[in-house]
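Content type compact mmCIF, C-alpha atoms, from the file my_file24.txt:
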# COMPACT_ATOMS: atom_id res chain seq x y z
CA MET A 1 -91.78 130.81 78.96
CA GLN A 2 -88.67 132.83 79.83
CA LEU A 3 -86.43 133.72 76.89
CA THR A 4 -82.73 134.42 76.72
CA PRO A 5 -81.73 137.93 75.56
CA ARG A 6 -80.81 136.58 72.14
CA GLN A 7 -84.11 134.71 71.78
CA ALA A 8 -86.09 137.77 72.88
CA PHE A 9 -84.24 140.09 70.49
CA THR A 10 -84.61 137.74 67.52
CA PHE A 11 -88.30 137.27 68.21
CA THR A 12 -88.80 141.03 68.55
CA VAL A 13 -87.23 141.70 65.14
CA ALA A 14 -89.34 138.95 63.55
CA PHE A 15 -92.48 140.43 65.15
CA LEU A 16 -91.61 143.96 64.01
CA GLY A 17 -90.90 142.76 60.47
CA TRP A 18 -94.36 141.24 60.15
CA MET A 19 -95.91 144.26 61.86
CA VAL A 20 -94.44 146.82 59.44
CA ASP A 21 -95.39 144.58 56.53
CA ALA A 22 -98.99 144.71 57.75
CA ILE A 23 -98.90 148.48 58.28
CA ASP A 24 -97.98 149.04 54.66
CA PHE A 25 -100.50 146.50 53.38
CA PHE A 26 -103.42 147.93 55.33
CA CYS A 27 -102.66 151.44 54.16
CA VAL A 28 -104.38 150.33 50.94
CA THR A 29 -107.42 148.71 52.53
CA LEU A 30 -107.98 151.73 54.77
CA THR A 31 -107.69 154.26 51.95
CA THR A 32 -109.76 152.38 49.35
CA THR A 33 -112.45 155.06 49.39
CA GLU A 34 -109.93 157.94 49.19
CA LEU A 35 -107.99 156.24 46.39
CA ALA A 36 -111.20 155.68 44.42
CA GLU A 37 -112.07 159.37 44.72
CA SER A 38 -108.52 160.52 43.90
CA PHE A 39 -108.23 158.32 40.80
CA ASN A 40 -111.92 158.69 39.84
CA LYS A 41 -112.52 154.93 40.02
CA ASP A 42 -114.94 152.56 41.77
CA PRO A 43 -113.79 150.87 44.99
CA SER A 44 -113.91 147.48 43.22
CA GLN A 45 -111.33 148.77 40.73
CA VAL A 46 -109.08 150.02 43.53
CA THR A 47 -109.28 146.68 45.34
CA SER A 48 -107.55 145.15 42.30
CA ALA A 49 -104.38 146.61 43.85
CA ILE A 50 -104.98 144.36 46.86
CA THR A 51 -105.59 141.39 44.57
CA VAL A 52 -102.37 141.98 42.62
CA THR A 53 -100.39 142.35 45.85
CA LEU A 54 -101.67 139.03 47.17
CA MET A 55 -101.26 137.21 43.84
CA LEU A 56 -97.56 138.05 43.57
CA ARG A 57 -96.62 137.16 47.13
CA PRO A 58 -95.75 133.51 46.23
CA ILE A 59 -92.96 134.78 43.96
CA GLY A 60 -91.39 136.62 46.88
CA ALA A 61 -91.86 133.63 49.17
CA LEU A 62 -89.99 131.39 46.73
CA ILE A 63 -87.18 133.87 45.97
CA PHE A 64 -86.48 134.96 49.54
CA GLY A 65 -87.21 131.51 50.98
CA VAL A 66 -84.64 129.79 48.77
CA ILE A 67 -82.07 132.53 49.38
CA SER A 68 -82.54 132.44 53.16
CA ASP A 69 -82.46 128.64 53.38
CA ARG A 70 -79.14 128.70 51.54
CA PHE A 71 -77.48 131.89 52.79
CA GLY A 72 -79.14 132.83 56.07
CA ARG A 73 -82.08 134.92 57.28
CA ARG A 74 -80.50 138.23 58.35
CA ILE A 75 -79.30 139.88 55.12
CA PRO A 76 -82.35 138.83 53.02
CA LEU A 77 -84.61 140.25 55.74
CA MET A 78 -82.81 143.60 55.71
CA VAL A 79 -82.88 143.80 51.90
CA ASN A 80 -86.55 142.88 51.86
CA LEU A 81 -87.54 145.55 54.38
CA PHE A 82 -85.45 148.22 52.66
CA LEU A 83 -86.96 147.58 49.24
CA PHE A 84 -90.53 147.69 50.38
CA THR A 85 -89.99 150.99 52.19
CA VAL A 86 -88.87 152.37 48.83
CA ILE A 87 -92.02 151.03 47.17
CA GLU A 88 -94.23 152.41 49.94
CA VAL A 89 -92.84 155.91 49.49
CA ALA A 90 -93.22 155.67 45.71
CA SER A 91 -96.86 154.57 46.14
CA GLY A 92 -97.60 157.92 47.75
CA PHE A 93 -96.47 159.69 44.58
CA SER A 94 -98.77 157.71 42.24
CA GLN A 95 -100.72 159.93 39.85
CA ASN A 96 -103.05 157.25 38.46
CA LEU A 97 -104.40 153.83 39.38
CA SER A 98 -102.23 151.95 36.86
CA THR A 99 -99.02 153.29 38.41
CA PHE A 100 -100.32 152.56 41.89
CA ILE A 101 -101.21 148.95 40.99
CA GLY A 102 -97.79 148.45 39.38
CA LEU A 103 -96.02 149.59 42.53
CA ARG A 104 -98.25 147.39 44.72
CA ALA A 105 -97.38 144.45 42.46
CA VAL A 106 -93.69 144.88 43.27
CA TYR A 107 -94.62 145.36 46.91
CA GLY A 108 -96.51 142.05 46.79
CA ILE A 109 -93.31 140.20 45.82
CA LEU A 110 -91.46 141.80 48.73
CA MET A 111 -94.29 141.20 51.21
CA GLY A 112 -94.38 137.55 50.19
CA GLY A 113 -90.77 137.09 51.18
CA GLU A 114 -91.00 138.64 54.64
CA TRP A 115 -93.29 136.18 56.41
CA GLY A 116 -91.18 133.10 55.73
CA LEU A 117 -88.01 134.94 56.78
CA GLY A 118 -89.47 136.22 60.04
CA ASN A 119 -91.28 133.00 60.88
CA SER A 120 -88.21 130.83 60.42
CA LEU A 121 -86.09 133.28 62.42
CA ALA A 122 -88.49 133.19 65.34
CA MET A 123 -89.49 129.51 65.40
CA GLU A 124 -85.89 128.30 65.15
CA VAL A 125 -84.74 130.12 68.29
CA LEU A 126 -87.79 129.69 70.55
CA PRO A 127 -88.00 126.98 73.23
CA VAL A 128 -90.23 124.09 72.08
CA LYS A 129 -92.67 124.44 75.00
CA SER A 130 -93.13 128.17 74.33
CA ARG A 131 -93.74 127.81 70.62
CA GLY A 132 -97.54 128.00 70.84
CA ILE A 133 -97.87 131.25 72.78
CA PHE A 134 -95.11 132.99 70.82
CA SER A 135 -96.61 131.72 67.56
CA GLY A 136 -99.78 133.55 68.54
CA ILE A 137 -97.87 136.70 69.47
CA LEU A 138 -95.82 136.60 66.25
CA GLN A 139 -98.82 136.22 63.98
CA GLU A 140 -100.56 139.08 65.73
CA GLY A 141 -97.82 141.37 64.50
CA TYR A 142 -100.20 141.45 61.53
CA ALA A 143 -103.09 142.63 63.71
CA VAL A 144 -100.89 145.15 65.53
CA GLY A 145 -99.77 146.46 62.13
CA ASN A 146 -103.42 146.82 61.11
CA LEU A 147 -104.12 148.60 64.39
CA ILE A 148 -101.23 151.02 63.92
CA ALA A 149 -102.23 151.65 60.30
CA ALA A 150 -105.77 152.47 61.45
CA MET A 151 -104.49 154.95 64.04
CA LEU A 152 -102.14 156.54 61.50
CA TYR A 153 -105.04 156.80 59.08
CA TYR A 154 -107.15 158.58 61.68
CA ALA A 155 -104.32 160.95 62.61
CA ILE A 156 -102.99 161.70 59.11
CA VAL A 157 -105.51 161.23 56.29
CA PRO A 158 -108.22 163.72 57.39
CA HIS A 159 -105.57 166.43 57.74
CA LEU A 160 -102.79 165.65 55.23
CA GLY A 161 -104.44 163.29 52.75
CA TRP A 162 -103.84 159.67 51.79
CA ARG A 163 -100.41 160.27 50.22
CA ALA A 164 -98.87 161.39 53.51
CA LEU A 165 -100.00 158.14 55.12
CA TYR A 166 -97.80 156.13 52.74
CA TRP A 167 -94.78 158.35 53.36
CA ILE A 168 -95.02 158.46 57.15
CA SER A 169 -95.82 154.76 57.57
CA ILE A 170 -92.26 153.72 56.64
CA ILE A 171 -90.78 154.96 59.93
CA PRO A 172 -91.31 151.65 61.82
CA ALA A 173 -89.75 149.78 58.89
CA VAL A 174 -86.59 151.89 59.03
CA ILE A 175 -86.26 151.17 62.77
CA THR A 176 -86.68 147.43 62.10
CA ILE A 177 -83.97 147.44 59.44
CA VAL A 178 -81.52 148.96 61.92
CA LEU A 179 -82.38 146.33 64.55
CA ALA A 180 -82.07 143.51 62.01
CA PHE A 181 -78.45 144.52 61.39
CA PHE A 182 -77.59 143.15 64.86
CA LEU A 183 -79.26 139.76 64.39
CA LYS A 184 -77.34 136.49 64.48
CA GLU A 185 -78.21 133.40 62.48
CA SER A 186 -79.94 130.63 64.45
CA ASN A 187 -78.09 127.50 65.52
CA VAL A 188 -80.76 125.46 63.71
CA TRP A 189 -79.98 127.13 60.39
CA GLN A 190 -76.23 126.77 60.93
CA GLN A 191 -76.62 123.05 61.62
CA THR A 192 -78.84 122.61 58.57
CA ARG A 193 -76.39 124.53 56.39
CA GLN A 194 -73.50 122.39 57.63
CA ARG A 195 -75.45 119.25 56.76
CA GLN A 196 -76.04 120.65 53.27
CA ARG A 197 -72.30 121.31 52.88
CA ASP A 198 -71.54 117.74 54.00
CA ASN A 199 -73.98 116.45 51.39
CA PRO A 200 -73.26 118.77 48.45
CA ARG A 201 -76.31 118.17 46.23
CA ARG A 202 -77.77 120.90 44.09
CA PHE A 203 -80.47 122.79 45.93
CA HIS A 204 -83.12 122.33 43.24
CA LYS A 205 -82.63 118.55 43.31
CA THR A 206 -83.07 118.51 47.07
CA PHE A 207 -86.19 120.63 46.65
CA ILE A 208 -87.63 118.28 44.02
CA ASP A 209 -86.92 115.28 46.27
CA MET A 210 -88.74 117.04 49.10
CA LEU A 211 -91.79 117.58 46.88
CA LYS A 212 -91.77 113.93 45.81
CA LYS A 213 -91.63 112.76 49.41
CA HIS A 214 -93.98 115.34 50.92
CA TRP A 215 -96.27 116.16 47.97
CA LEU A 216 -99.49 115.42 49.85
CA ARG A 217 -98.35 117.47 52.84
CA SER A 218 -97.44 120.35 50.52
CA ILE A 219 -100.88 120.31 48.86
CA TYR A 220 -102.59 120.13 52.25
CA ALA A 221 -100.60 123.10 53.57
CA ILE A 222 -101.44 125.22 50.51
CA ILE A 223 -105.17 124.45 50.67
CA LEU A 224 -105.24 125.13 54.42
CA MET A 225 -103.53 128.47 53.89
CA ALA A 226 -105.94 129.33 51.09
CA GLY A 227 -108.78 128.86 53.56
CA MET A 228 -107.01 130.84 56.26
CA ASN A 229 -106.23 133.70 53.89
CA PHE A 230 -109.81 133.84 52.60
CA LEU A 231 -110.83 134.01 56.26
CA SER A 232 -108.54 136.89 57.20
CA HIS A 233 -108.74 138.99 54.03
CA GLY A 234 -112.45 138.32 53.61
CA SER A 235 -113.17 139.53 57.14
CA GLN A 236 -110.76 142.48 57.22
CA ASP A 237 -109.95 144.12 53.91
CA LEU A 238 -113.37 145.42 52.87
CA TYR A 239 -114.81 145.93 56.35
CA PRO A 240 -113.87 149.66 56.62
CA THR A 241 -115.47 150.26 53.21
CA PHE A 242 -118.57 148.31 54.33
CA LEU A 243 -118.89 150.54 57.39
CA LYS A 244 -118.43 153.76 55.44
CA LYS A 245 -120.17 153.12 52.13
CA GLN A 246 -122.98 150.69 53.00
CA LEU A 247 -123.81 151.66 56.58
CA GLY A 248 -122.95 155.35 56.23
CA PHE A 249 -120.59 155.64 59.18
CA THR A 250 -117.88 158.29 59.22
CA PRO A 251 -114.19 157.59 58.53
CA LYS A 252 -113.61 158.12 62.26
CA GLN A 253 -116.14 155.42 63.14
CA ALA A 254 -114.73 153.07 60.51
CA THR A 255 -111.29 153.56 62.07
CA ILE A 256 -112.71 152.77 65.51
CA GLY A 257 -114.24 149.59 64.08
CA THR A 258 -110.88 148.56 62.66
CA VAL A 259 -109.10 149.30 65.95
CA VAL A 260 -111.64 147.32 68.02
CA GLY A 261 -111.42 144.38 65.61
CA ASN A 262 -107.66 144.33 65.82
CA ILE A 263 -107.68 144.46 69.61
CA GLY A 264 -109.83 141.33 69.40
CA ALA A 265 -107.33 139.85 66.94
CA VAL A 266 -104.41 140.36 69.31
CA VAL A 267 -106.35 138.87 72.22
CA GLY A 268 -107.46 135.88 70.14
CA GLY A 269 -104.05 135.16 68.64
CA MET A 270 -102.25 135.19 71.98
CA PHE A 271 -104.94 133.26 73.88
CA PHE A 272 -105.46 130.49 71.35
CA GLY A 273 -101.74 130.27 70.58
CA TYR A 274 -101.24 129.51 74.27
CA ILE A 275 -104.22 127.11 74.38
CA SER A 276 -102.81 125.18 71.41
CA GLU A 277 -99.98 123.93 73.64
CA TYR A 278 -102.62 121.92 75.49
CA LEU A 279 -105.28 121.17 72.87
CA GLY A 280 -102.98 120.79 69.87
CA ARG A 281 -102.77 123.02 66.81
CA ARG A 282 -105.56 121.43 64.75
CA ARG A 283 -108.13 121.23 67.51
CA THR A 284 -107.54 124.87 68.34
CA ILE A 285 -108.16 125.89 64.73
CA ALA A 286 -111.33 123.77 64.65
CA ILE A 287 -112.70 125.36 67.84
CA CYS A 288 -112.09 128.85 66.46
CA ALA A 289 -113.86 127.97 63.20
CA ILE A 290 -116.95 126.66 64.99
CA ILE A 291 -117.35 129.51 67.47
CA GLY A 292 -116.27 132.23 65.02
CA ALA A 293 -119.05 131.27 62.58
CA CYS A 294 -121.62 131.94 65.31
CA PHE A 295 -120.60 135.62 65.41
CA ILE A 296 -121.18 136.36 61.70
CA PRO A 297 -124.70 137.83 62.23
CA LEU A 298 -123.47 140.17 64.97
CA TRP A 299 -120.60 141.23 62.71
CA ILE A 300 -122.72 142.48 59.76
CA LEU A 301 -126.44 142.79 60.65
CA PRO A 302 -126.81 145.34 63.49
CA LYS A 303 -127.63 148.95 62.68
CA SER A 304 -126.22 150.00 66.06
CA PHE A 305 -122.56 150.97 65.87
CA GLY A 306 -121.97 149.60 69.38
CA LEU A 307 -123.26 146.13 68.46
CA LEU A 308 -121.18 146.14 65.28
CA LEU A 309 -118.10 146.83 67.41
CA VAL A 310 -118.90 143.81 69.56
CA GLY A 311 -119.30 141.70 66.43
CA ALA A 312 -116.04 143.01 64.94
CA PHE A 313 -114.18 142.28 68.17
CA PHE A 314 -115.30 138.67 68.50
CA MET A 315 -115.05 137.94 64.78
CA GLN A 316 -111.36 138.84 64.88
CA VAL A 317 -110.83 137.01 68.19
CA PHE A 318 -111.63 133.76 66.41
CA VAL A 319 -110.24 134.57 62.95
CA GLN A 320 -106.87 135.49 64.43
CA GLY A 321 -107.22 132.86 67.14
CA ALA A 322 -107.01 130.29 64.37
CA TRP A 323 -104.22 132.26 62.70
CA GLY A 324 -102.20 132.44 65.92
CA VAL A 325 -101.50 128.73 65.61
CA ILE A 326 -100.27 128.89 62.01
CA PRO A 327 -96.59 129.99 62.41
CA ALA A 328 -95.91 127.10 64.81
CA TYR A 329 -98.01 124.60 62.87
CA LEU A 330 -96.40 125.27 59.47
CA SER A 331 -92.93 125.21 61.01
CA GLU A 332 -93.65 121.89 62.71
CA ILE A 333 -94.90 120.18 59.55
CA SER A 334 -92.10 121.68 57.45
CA PRO A 335 -89.17 119.55 56.19
CA ALA A 336 -86.01 120.60 58.05
CA ASP A 337 -84.03 121.86 55.04
CA PHE A 338 -86.89 124.11 53.91
CA ARG A 339 -88.11 125.76 57.10
CA ALA A 340 -88.17 129.19 55.42
CA THR A 341 -89.22 128.06 51.93
CA PHE A 342 -91.96 125.55 52.86
CA PRO A 343 -94.01 127.65 55.32
CA GLY A 344 -93.52 130.85 53.34
CA LEU A 345 -94.39 129.30 49.98
CA ALA A 346 -97.39 127.39 51.36
CA TYR A 347 -98.63 130.57 53.02
CA GLN A 348 -98.24 132.69 49.91
CA LEU A 349 -99.60 130.13 47.44
CA GLY A 350 -102.64 130.00 49.70
CA ASN A 351 -102.67 133.78 49.48
CA LEU A 352 -102.59 133.52 45.69
CA ILE A 353 -105.74 131.40 45.74
CA ALA A 354 -107.42 133.83 48.15
CA ALA A 355 -106.04 136.97 46.49
CA SER A 356 -109.37 138.05 45.06
CA ALA A 357 -111.30 137.86 48.35
CA SER A 358 -111.86 141.59 48.80
CA GLN A 359 -112.41 142.16 45.08
CA ILE A 360 -115.01 139.37 44.97
CA GLU A 361 -116.79 140.96 47.92
CA ALA A 362 -116.63 144.45 46.42
CA THR A 363 -117.76 143.38 42.94
CA MET A 364 -120.59 141.13 44.16
CA GLY A 365 -121.73 143.79 46.60
CA GLU A 366 -121.87 146.39 43.83
CA LYS A 367 -123.70 144.05 41.45
CA ASN A 368 -126.24 143.17 44.15
CA PRO A 369 -127.04 146.49 45.83
CA LEU A 370 -129.50 147.20 48.60
CA PRO A 371 -133.09 147.68 47.38
CA GLU A 372 -133.31 151.28 48.59
CA LEU A 373 -131.44 154.24 47.09
CA ARG A 374 -129.37 156.76 49.09
CA ASP A 375 -129.19 160.29 47.67
CA GLY A 376 -130.45 158.87 44.41
CA LYS A 377 -127.61 156.33 44.16
CA THR A 378 -127.48 152.57 44.66
CA VAL A 379 -125.80 151.29 47.82
CA PRO A 380 -123.64 148.12 47.52
CA ASP A 381 -124.67 145.24 49.79
CA TYR A 382 -121.17 144.34 50.96
CA GLY A 383 -122.41 142.88 54.25
CA ARG A 384 -124.41 140.00 52.81
CA VAL A 385 -121.57 138.96 50.51
CA GLN A 386 -119.07 139.06 53.39
CA GLY A 387 -121.36 136.96 55.58
CA ILE A 388 -121.87 134.25 52.94
CA LEU A 389 -118.17 134.08 52.09
CA ILE A 390 -116.92 133.94 55.68
CA GLY A 391 -119.53 131.35 56.69
CA SER A 392 -118.47 129.11 53.81
CA ILE A 393 -114.77 129.53 54.57
CA TYR A 394 -115.20 128.75 58.27
CA SER A 395 -116.79 125.44 57.25
CA CYS A 396 -113.89 124.62 54.91
CA VAL A 397 -111.27 125.50 57.54
CA LEU A 398 -113.02 123.25 60.08
CA VAL A 399 -112.83 120.27 57.71
CA LEU A 400 -109.19 120.97 56.82
CA ALA A 401 -108.20 121.24 60.49
CA LEU A 402 -109.71 117.83 61.21
CA LEU A 403 -107.88 116.29 58.24
CA GLY A 404 -104.42 117.52 59.25
CA LYS A 405 -101.44 115.97 60.99
CA GLU A 406 -100.55 117.02 64.53
CA GLU A 407 -96.84 117.56 65.22
CA LYS A 408 -96.95 119.85 68.25
CA GLY A 409 -93.63 119.91 70.10
CA LYS A 410 -91.51 118.78 67.15
CA VAL A 411 -87.77 119.21 67.80
CA PHE A 412 -85.92 121.34 65.24
CA ALA A 413 -82.25 121.09 66.32
CA MET A 414 -79.70 118.64 67.83
CA ASP A 415 -78.10 115.68 66.14
CA SER A 416 -80.30 113.86 63.63
CA LYS A 417 -80.65 110.63 65.63
CA HIS A 418 -81.79 112.52 68.71
CA VAL A 419 -84.25 114.53 66.64
CA ASP A 420 -85.72 111.38 65.09
CA SER A 421 -86.05 109.77 68.52
CA CYS A 422 -87.72 112.83 70.07
CA ASN A 423 -90.10 113.36 67.19
CA ALA A 424 -91.08 109.70 67.14
CA SER A 425 -91.85 109.94 70.85
CA ILE A 426 -93.92 113.09 70.28
CA ASN A 427 -95.92 111.40 67.53
CA GLU A 428 -96.69 108.44 69.78
CA GLN A 429 -97.84 110.76 72.57
CA MET A 430 -100.08 112.73 70.21
CA GLN A 431 -101.81 109.71 68.67
CA PRO A 432 -104.69 109.60 71.20
CA LEU A 433 -105.46 113.24 70.36
CA GLU A 434 -105.70 112.63 66.62
CA LEU A 435 -109.04 112.91 64.84
CA HIS A 436 -108.18 110.43 62.08
CA ALA A 437 -109.77 111.49 58.86
CA GLY A 438 -107.13 110.82 56.27
CA ALA A 439 -104.20 112.81 57.60
CA PRO A 440 -101.40 113.51 55.13
CA PRO A 441 -98.43 111.20 55.57
CA LYS A 442 -95.21 112.41 57.15
Structure re-expressed in structure tokens:
Amino acid sequence: MQLTPRQAFTFTVAFLGWMVDAIDFFCVTLTTTELAESFNKDPSQVTSAITVTLMLRPIGALIFGVISDRFGRRIPLMVNLFLFTVIEVASGFSQNLSTFIGLRAVYGILMGGEWGLGNSLAMEVLPVKSRGIFSGILQEGYAVGNLIAAMLYYAIVPHLGWRALYWISIIPAVITIVLAFFLKESNVWQQTRQRQRDNPRRFHKTFIDMLKKHWLRSIYAIILMAGMNFLSHGSQDLYPTFLKKQLGFTPKQATIGTVVGNIGAVVGGMFFGYISEYLGRRRTIAICAIIGACFIPLWILPKSFGLLLVGAFFMQVFVQGAWGVIPAYLSEISPADFRATFPGLAYQLGNLIAASASQIEATMGEKNPLPELRDGKTVPDYGRVQGILIGSIYSCVLVLALLGKEEKGKVFAMDSKHVDSCNASINEQMQPLELHAGAPPK
């Protein structure tokens, strides 16, 4: 599992890029209540900013994915990070909800481009045998970003207000931009680019040919990512609001709940990413879906804050345990010429389908309140809606995991004949582990 200095540095920048993306995203989920009060709106109206952000991410995935597959990962990553720091600062100056949603829409395009850039950067330089554990660590940049955002919220918002949170949260992004300046393009991308120069076809024709050949795999990847994004956003985005508005806990306690959940997420992502090197990517996802569903009652039903923390911890262990496999899995099933575009676009189109997760939960919770009143007002039943949604999604993810194709250990670089030989050998070795249920063709 030892990395060279170049591998370690590249992976660190990729991790930080995804982490700062998450910090900025979770600034909205953590301040939903404050934004609603500031703009004199309901929380369900504020969560439309989250929905718009998620819906526009596929556009960024396509734009930045195509650019990076053609021209390299480094410069697009720096541009991406710079632009969304600008948007984050501007968000803090919003005077009404319409302006805020417009800025988050632009941010959604930029956020959509970052994951594919960082994922391809990392997966292309990592040793094959270390891909699982580092996939888990990379994906948990998202959980670490959520954790940092929660701590910043606790330290800043009660004293300086929600606007200061958006301004101060750009500091990690600025540091990451500086580090990205010293990146080098991966050998895998350079080899792929040379092959494209030797076979000078128009990029869009190559892309169309890829879709014709791998259409079933593309559909499968999008549907899987829709399930995974419903799982993560449905279990994370509204949870602080659920703790504060339905259960009556303080902002401090809601922050503690978010922190504990994200510690579980980091543990789960790293552990199950490592385990996937032995069990395979699909089986690991399936195990997380089965066990994670068992923790739904403990996640939403207790009145005790301590028990809710236990539920939040284990819920995120298994949600992000399944997610920890995804960077490696999408890279391994990706066509070689589209290792930034394919994973990024599949991820973000799945996000588009799942974009309304928190808004569905907020709206349904408000339309189906608890029977008792609090201070003469109705109390939304967010917990029941979250439990039903997450239980349903866990079931869907389990089925999708069993239907998939296992390509753990796929070789990305070297000459094409050697790659074909190695990957054929890997597929033969993995056959006994397959749970054949109509896997998409290669």
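Taking CA of Leu103 in chain A and CA of Ser91 in chain A as the two end points, the separation is 6.2 Å.
When only C-alpha atoms are used to measure the gap to Leu97 in chain A, the shortest distance among A:Leu243, A:Ala49, A:Ile23, A:Ala357 belongs to A:Ala49.
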Can you tell me which residues surround Gly261 in chain A at a distance of at most 6 Å, considering only C-alpha atoms, apart from same-chain residues fewer than 3 positions away, and format the answer as a PDB file with C-alpha atoms, keeping the file's coordinate frame?
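Contents of around21.pdb, freshly written:
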ATOM      1  CA  THR A 258    -110.880 148.560  62.660  1.00  0.00           C
ATOM      2  CA  GLY A 264    -109.830 141.330  69.400  1.00  0.00           C
ATOM      3  CA  ALA A 312    -116.040 143.010  64.940  1.00  0.00           C
ATOM      4  CA  PHE A 313    -114.180 142.280  68.170  1.00  0.00           C
ATOM      5  CA  GLN A 316    -111.360 138.840  64.880  1.00  0.00           C
TER       6      GLN A 316
END
Go ahead and compute the interatomic distance for CA of Gly60 in chain A and CA of Val325 in chain A, in Å to one decimal. 22.7 Å
Can you pull out every residue within 6 Å of range 387-402 of chain A, counting only C-alpha atoms, but drop anything in the same chain fewer than 4 positions away, and send it as an NGL selection string? :A and (227 or 282 or 286 or 289 or 293)
Using only C-alpha atoms, find all polymer residues with an atom at most 9 Å away from the point (-95.8, 126.1, 73.9); report them as a count of residues only. 18
CA of Ile291 in chain A and CA of Asn119 in chain A are how many Å apart? 27.1 Å
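Considering only C-alpha atoms, the residue among A:Ala143, A:Ala122, A:Ala221, A:Ala226 positioned nearest to Lys184 in chain A is A:Ala122.
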List the spatial neighbours of Arg74 in chain A as a VMD selection string - criterion: any atom at most 7 Å away, all atoms listed in the file, same-chain residues fewer than 6 positions off excluded. chain A and resid 180 183 185
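Using all atoms listed in the file, the nearest neighbour of Phe342 in chain A within the list A:Trp167, A:Phe271, A:Phe11, A:Trp215 is A:Trp215.
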Considering all atoms listed in the file, state which residue in the set A:Phe25, A:Tyr166, A:Tyr153, A:Tyr107 is at the smallest distance from Gly92 in chain A. A:Tyr166
Which protein, DNA or RNA residues have an atom at most 12 Å from (-88.4, 152.9, 48.1), counting only C-alpha atoms? List them as a PyMOL selection string. chain A and resi 79-93+103-104+106-107+110+166-167+170+173-174
Distance criterion (only C-alpha atoms): nearest to Val13 in chain A out of A:Pro172, A:Gly113, A:Pro43, A:Pro302: A:Pro172
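Restricting the calculation to only C-alpha atoms, the smallest distance between Val66 in chain A and any of A:Ala22, A:Leu3, A:Ser169, A:Thr341 is found for A:Thr341.
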Compile the contact shell of Ile59 in chain A as an MDAnalysis selection string: residues with an atom at most 6 Å away, counting only C-alpha atoms, same-chain residues fewer than 3 positions apart removed. chainID A and resid 56 62 109
Residue contacts of Gly292 in chain A (7 Å, only C-alpha atoms) excluding same-chain residues fewer than 6 positions away, as an mmCIF file with C-alpha atoms, in the frame of the given file:
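File produced: out12.cif:
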data_model
loop_
_atom_site.group_PDB
_atom_site.id
_atom_site.type_symbol
_atom_site.label_atom_id
_atom_site.label_comp_id
_atom_site.auth_asym_id
_atom_site.auth_seq_id
_atom_site.Cartn_x
_atom_site.Cartn_y
_atom_site.Cartn_z
ATOM 1 C CA MET A 315 -115.050 137.940 64.780
ATOM 2 C CA PHE A 318 -111.630 133.760 66.410
ATOM 3 C CA VAL A 319 -110.240 134.570 62.950
#
